[in-house]
$ cat start-v7.csv   # CSV, C-alpha atoms
chain,number,residue,atom,x,y,z
A,443,MET,CA,4.4,-12.3,-4.7
A,444,ALA,CA,4.1,-8.9,-6.3
A,445,SER,CA,1.7,-6.3,-4.9
A,446,ILE,CA,0.4,-3.4,-6.9
A,447,LEU,CA,-1.1,-0.5,-5.0
A,448,LYS,CA,-3.2,2.4,-6.4
A,449,ASP,CA,-4.2,5.3,-4.1
A,450,ILE,CA,-6.8,7.2,-6.1
A,451,LEU,CA,-8.1,10.6,-4.9
A,452,ILE,CA,-11.6,11.2,-6.2
A,453,ASP,CA,-13.5,14.5,-5.9
A,454,ALA,CA,-16.8,12.8,-4.9
A,455,ASN,CA,-18.5,11.8,-1.7
A,456,SER,CA,-17.2,8.5,-0.3
A,457,ASN,CA,-20.7,7.1,0.0
A,458,ASP,CA,-21.3,7.7,-3.7
A,459,VAL,CA,-18.0,6.1,-4.6
A,460,TRP,CA,-18.6,3.1,-2.4
A,461,GLU,CA,-22.1,2.6,-4.0
A,462,ALA,CA,-20.4,2.4,-7.4
A,463,VAL,CA,-17.6,0.0,-6.1
A,464,ARG,CA,-20.0,-2.4,-4.3
A,465,ASP,CA,-22.3,-2.8,-7.4
A,466,PHE,CA,-20.1,-5.8,-8.4
A,467,HIS,CA,-22.0,-6.9,-11.5
A,468,ALA,CA,-22.4,-3.3,-12.9
A,469,VAL,CA,-18.7,-2.5,-13.0
A,470,HIS,CA,-18.9,-1.7,-16.7
A,471,GLN,CA,-21.7,0.8,-16.1
A,472,ARG,CA,-21.0,2.4,-12.7
A,473,LEU,CA,-17.2,2.2,-12.1
A,474,VAL,CA,-15.1,1.8,-15.2
A,475,PRO,CA,-17.2,2.3,-18.3
A,476,GLY,CA,-15.1,2.2,-21.5
A,477,PHE,CA,-12.4,0.2,-19.8
A,478,VAL,CA,-14.8,-2.7,-19.1
A,479,LEU,CA,-17.2,-3.2,-21.9
A,480,ASP,CA,-19.4,-5.9,-20.3
A,481,SER,CA,-20.0,-7.7,-17.1
A,482,ARG,CA,-22.4,-10.6,-16.7
A,483,PRO,CA,-23.1,-12.5,-13.5
A,484,GLU,CA,-22.2,-16.1,-13.0
A,485,GLY,CA,-23.2,-17.1,-9.5
A,486,ASP,CA,-20.8,-15.3,-7.1
A,487,ALA,CA,-18.6,-14.4,-10.0
A,488,ARG,CA,-18.7,-12.0,-12.9
A,489,ILE,CA,-17.5,-12.6,-16.4
A,490,VAL,CA,-15.8,-9.3,-17.5
A,491,THR,CA,-14.9,-8.2,-21.0
A,492,PHE,CA,-12.3,-5.5,-21.1
A,493,SER,CA,-11.8,-3.0,-23.9
A,494,ASN,CA,-8.6,-4.8,-25.1
A,495,GLY,CA,-10.6,-8.0,-25.7
A,496,THR,CA,-9.5,-9.8,-22.6
A,497,VAL,CA,-12.2,-11.8,-20.8
A,498,ALA,CA,-11.8,-12.6,-17.1
A,499,ARG,CA,-13.7,-14.5,-14.5
A,500,GLU,CA,-13.7,-12.5,-11.2
A,501,LEU,CA,-15.0,-14.2,-8.1
A,502,LEU,CA,-16.5,-12.0,-5.3
A,503,VAL,CA,-14.8,-12.9,-2.1
A,504,ASP,CA,-16.2,-10.3,0.3
A,505,CYS,CA,-18.2,-7.1,0.3
A,506,ASP,CA,-18.1,-5.4,3.6
A,507,ASP,CA,-20.4,-2.3,3.8
A,508,GLU,CA,-19.2,-1.3,7.3
A,509,ARG,CA,-15.5,-1.0,6.2
A,510,ARG,CA,-16.5,-0.1,2.6
A,511,ARG,CA,-14.2,-2.8,1.3
A,512,LEU,CA,-14.7,-5.2,-1.6
A,513,VAL,CA,-12.4,-8.2,-2.3
A,514,TYR,CA,-12.3,-10.3,-5.4
A,515,ALA,CA,-10.1,-12.9,-7.1
A,516,VAL,CA,-9.4,-13.7,-10.7
A,517,ILE,CA,-9.6,-17.3,-11.7
A,518,SER,CA,-7.3,-17.9,-14.7
A,519,GLU,CA,-5.0,-20.4,-16.2
A,520,ARG,CA,-2.5,-17.6,-17.0
A,521,LEU,CA,-2.3,-16.4,-13.4
A,522,LYS,CA,-0.9,-18.5,-10.6
A,523,GLN,CA,-2.4,-16.0,-8.0
A,524,HIS,CA,-4.6,-12.9,-8.2
A,525,SER,CA,-6.4,-11.4,-5.3
A,526,ALA,CA,-7.6,-7.8,-5.1
A,527,SER,CA,-9.1,-5.4,-2.6
A,528,VAL,CA,-10.8,-2.1,-3.1
A,529,GLN,CA,-11.5,0.1,-0.1
A,530,VAL,CA,-13.2,3.5,-0.1
A,531,LEU,CA,-12.2,6.1,2.6
A,532,ALA,CA,-13.6,9.5,3.2
A,533,ASP,CA,-11.1,12.4,2.7
A,534,GLY,CA,-13.2,15.3,3.8
A,535,ALA,CA,-16.9,15.7,3.1
A,536,ASP,CA,-16.7,15.7,-0.7
A,537,ARG,CA,-13.6,13.8,-1.5
A,538,SER,CA,-12.6,10.1,-1.3
A,539,ARG,CA,-9.6,7.9,-1.4
A,540,LEU,CA,-10.0,4.6,-3.2
A,541,ILE,CA,-7.2,2.2,-2.2
A,542,TRP,CA,-6.9,-0.7,-4.7
A,543,ILE,CA,-4.4,-3.4,-4.0
A,544,VAL,CA,-3.7,-6.4,-6.2
A,545,ASP,CA,-1.5,-9.3,-5.3
A,546,VAL,CA,-0.4,-11.3,-8.3
A,547,LEU,CA,1.8,-14.1,-9.6
A,548,PRO,CA,3.8,-14.6,-11.8
A,549,HIS,CA,6.0,-11.6,-11.4
A,550,GLU,CA,6.3,-11.2,-15.2
A,551,ILE,CA,2.7,-10.0,-15.5
A,552,VAL,CA,3.2,-7.1,-13.0
A,553,PRO,CA,4.0,-4.4,-15.7
A,554,TYR,CA,0.9,-5.4,-17.7
A,555,MET,CA,-1.3,-5.4,-14.6
A,556,ASN,CA,0.1,-2.1,-13.4
A,557,ALA,CA,-0.7,-0.5,-16.8
A,558,GLN,CA,-4.2,-2.0,-16.9
A,559,MET,CA,-4.9,-0.7,-13.4
A,560,ASP,CA,-3.7,2.8,-14.4
A,561,GLN,CA,-6.2,2.7,-17.3
A,562,ALA,CA,-9.0,1.6,-14.9
A,563,ALA,CA,-8.1,4.4,-12.5
A,564,LEU,CA,-8.5,6.9,-15.3
A,565,ALA,CA,-11.9,5.4,-16.2
A,566,MET,CA,-12.9,5.7,-12.5
A,567,GLN,CA,-11.9,9.3,-12.4
A,568,LYS,CA,-13.8,10.1,-15.6
A,569,LYS,CA,-17.0,8.4,-14.3
A,570,LEU,CA,-16.9,9.5,-10.6
A,571,ALA,CA,-15.3,12.9,-10.4
A,572,ARG,CA,-14.5,16.1,-12.1
A,573,SER,CA,-10.8,15.9,-11.1
A,574,ALA,CA,-8.7,13.3,-9.4
A,575,LYS,CA,-5.1,12.3,-8.7
A,576,VAL,CA,-3.7,8.8,-8.9
A,577,GLU,CA,-0.6,7.7,-7.0
A,578,SER,CA,0.6,4.2,-7.9
A,579,GLY,CA,3.4,1.8,-7.5
A,580,PHE,CA,4.3,-1.8,-7.2
A,581,ALA,CA,6.5,-3.9,-5.1
A,582,SER,CA,7.4,-7.5,-5.0
A,583,ASP,CA,8.2,-10.0,-2.3
A,584,ARG,CA,5.7,-8.4,0.1
A,585,ALA,CA,7.4,-5.1,0.3
A,586,GLN,CA,5.3,-2.1,1.3
A,587,ILE,CA,4.8,0.9,-0.9
$ encode --input "start-v7.csv" --output "structure tokens"
Amino acid sequence: MASILKDILIDANSNDVWEAVRDFHAVHQRLVPGFVLDSRPEGDARIVTFSNGTVARELLVDCDDERRRLVYAVISERLKQHSASVQVLADGADRSRLIWIVDVLPHEIVPYMNAQMDQAALAMQKKLARSAKVESGFASDRAQI
């Protein structure tokens, strides 16, 4: 299985970043506007419309306020496996680290997913902070980055 990791530094208080991340059904308004055009609830899932026209069903797996960690999965015929976690960590009083990990199969989709995550990270930066830095990478076969 391939893992994609984004370590996003955001010049914003971690509580504010977490509030935006945990608002699962408002991802298009609070976290990645412009990258996600619409999100509508469907039970524990959301139906997300991306700016490139792709529509995905994302199932909320867990939202842990104590650890500031959200987990979701994409349900799709194109993907054999997709699970993701987003965790918000304080990096000083007014800065945050957003750790976003996606585990996905098939391997052939990794370059596309990696590029999409880079675009989403830029949308997060634009929405949440004046300046930020993204470190990214991907590995397959359970390798650590």
$ atom_distance --input "start-v7.csv" --atom1 "atom CA of A:Asp453" --atom2 "atom CA of A:Ala571"
5.1 Å
$ residues_near_point --input "start-v7.csv" --point "(-20.8, -7.7, -20.3)" --cutoff "12 Å" --atoms "only C-alpha atoms" --output "PDB file with C-alpha atoms, in the frame of the given file"
ATOM      1  CA  HIS A 467     -22.000  -6.900 -11.500  1.00  0.00           C
ATOM      2  CA  ALA A 468     -22.400  -3.300 -12.900  1.00  0.00           C
ATOM      3  CA  VAL A 469     -18.700  -2.500 -13.000  1.00  0.00           C
ATOM      4  CA  HIS A 470     -18.900  -1.700 -16.700  1.00  0.00           C
ATOM      5  CA  GLN A 471     -21.700   0.800 -16.100  1.00  0.00           C
ATOM      6  CA  PRO A 475     -17.200   2.300 -18.300  1.00  0.00           C
ATOM      7  CA  GLY A 476     -15.100   2.200 -21.500  1.00  0.00           C
ATOM      8  CA  PHE A 477     -12.400   0.200 -19.800  1.00  0.00           C
ATOM      9  CA  VAL A 478     -14.800  -2.700 -19.100  1.00  0.00           C
ATOM     10  CA  LEU A 479     -17.200  -3.200 -21.900  1.00  0.00           C
ATOM     11  CA  ASP A 480     -19.400  -5.900 -20.300  1.00  0.00           C
ATOM     12  CA  SER A 481     -20.000  -7.700 -17.100  1.00  0.00           C
ATOM     13  CA  ARG A 482     -22.400 -10.600 -16.700  1.00  0.00           C
ATOM     14  CA  PRO A 483     -23.100 -12.500 -13.500  1.00  0.00           C
ATOM     15  CA  GLU A 484     -22.200 -16.100 -13.000  1.00  0.00           C
ATOM     16  CA  ARG A 488     -18.700 -12.000 -12.900  1.00  0.00           C
ATOM     17  CA  ILE A 489     -17.500 -12.600 -16.400  1.00  0.00           C
ATOM     18  CA  VAL A 490     -15.800  -9.300 -17.500  1.00  0.00           C
ATOM     19  CA  THR A 491     -14.900  -8.200 -21.000  1.00  0.00           C
ATOM     20  CA  PHE A 492     -12.300  -5.500 -21.100  1.00  0.00           C
ATOM     21  CA  SER A 493     -11.800  -3.000 -23.900  1.00  0.00           C
ATOM     22  CA  GLY A 495     -10.600  -8.000 -25.700  1.00  0.00           C
ATOM     23  CA  THR A 496      -9.500  -9.800 -22.600  1.00  0.00           C
ATOM     24  CA  VAL A 497     -12.200 -11.800 -20.800  1.00  0.00           C
ATOM     25  CA  ALA A 498     -11.800 -12.600 -17.100  1.00  0.00           C
ATOM     26  CA  ARG A 499     -13.700 -14.500 -14.500  1.00  0.00           C
TER      27      ARG A 499
END
$ closest_residue --input "start-v7.csv" --among "A:Leu501, A:Ala462, A:Met443, A:Leu570" --to "A:Asp536" --atoms "only C-alpha atoms"
A:Leu570
$ residues_around --input "start-v7.csv" --residues "A:Ala535" --least-positions-apart "4" --cutoff "12 Å" --atoms "only C-alpha atoms" --output "PDB file with C-alpha atoms, keeping the file's coordinate frame"
ATOM      1  CA  ILE A 452     -11.600  11.200  -6.200  1.00  0.00           C
ATOM      2  CA  ASP A 453     -13.500  14.500  -5.900  1.00  0.00           C
ATOM      3  CA  ALA A 454     -16.800  12.800  -4.900  1.00  0.00           C
ATOM      4  CA  ASN A 455     -18.500  11.800  -1.700  1.00  0.00           C
ATOM      5  CA  SER A 456     -17.200   8.500  -0.300  1.00  0.00           C
ATOM      6  CA  ASN A 457     -20.700   7.100   0.000  1.00  0.00           C
ATOM      7  CA  ASP A 458     -21.300   7.700  -3.700  1.00  0.00           C
ATOM      8  CA  LEU A 531     -12.200   6.100   2.600  1.00  0.00           C
ATOM      9  CA  ARG A 539      -9.600   7.900  -1.400  1.00  0.00           C
TER      10      ARG A 539
END
$ closest_residue --input "start-v7.csv" --among "A:Ala487, A:Trp460, A:Asn494, A:Gln523" --to "A:Arg509" --atoms "all atoms listed in the file"
A:Trp460
$ atom_distance --input "start-v7.csv" --atom1 "atom CA of A:Tyr554" --atom2 "atom CA of A:Gln529"
22.2 Å
$ closest_residue --input "start-v7.csv" --among "A:Pro553, A:Arg537, A:Glu508, A:Val546" --to "A:Ser525" --atoms "all atoms listed in the file"
A:Val546
$ residues_around --input "start-v7.csv" --residues "A:Ile551" --least-positions-apart "3" --cutoff "12 Å" --atoms "all atoms listed in the file" --output "CSV table (one decimal) with C-alpha atoms, keeping the file's coordinate frame"
chain,number,residue,atom,x,y,z
A,443,MET,CA,4.4,-12.3,-4.7
A,444,ALA,CA,4.1,-8.9,-6.3
A,445,SER,CA,1.7,-6.3,-4.9
A,446,ILE,CA,0.4,-3.4,-6.9
A,520,ARG,CA,-2.5,-17.6,-17.0
A,521,LEU,CA,-2.3,-16.4,-13.4
A,522,LYS,CA,-0.9,-18.5,-10.6
A,523,GLN,CA,-2.4,-16.0,-8.0
A,524,HIS,CA,-4.6,-12.9,-8.2
A,544,VAL,CA,-3.7,-6.4,-6.2
A,545,ASP,CA,-1.5,-9.3,-5.3
A,546,VAL,CA,-0.4,-11.3,-8.3
A,547,LEU,CA,1.8,-14.1,-9.6
A,548,PRO,CA,3.8,-14.6,-11.8
A,554,TYR,CA,0.9,-5.4,-17.7
A,555,MET,CA,-1.3,-5.4,-14.6
A,556,ASN,CA,0.1,-2.1,-13.4
A,557,ALA,CA,-0.7,-0.5,-16.8
A,558,GLN,CA,-4.2,-2.0,-16.9
A,580,PHE,CA,4.3,-1.8,-7.2
A,582,SER,CA,7.4,-7.5,-5.0
$ atom_distance --input "start-v7.csv" --atom1 "atom CA of A:Asp465" --atom2 "atom CA of A:Ser518"
22.5 Å
$ closest_residue --input "start-v7.csv" --among "A:Ser527, A:Asp504, A:Leu540, A:Glu461" --to "A:Gln567" --atoms "all atoms listed in the file"
A:Leu540
$ closest_residue --input "start-v7.csv" --among "A:Val463, A:Arg472, A:Gly534, A:Asp449" --to "A:Val513" --atoms "all atoms listed in the file"
A:Val463
$ closest_residue --input "start-v7.csv" --among "A:Asp486, A:Asp507, A:Glu550, A:Asp533" --to "A:Leu451" --atoms "all atoms listed in the file"
A:Asp533
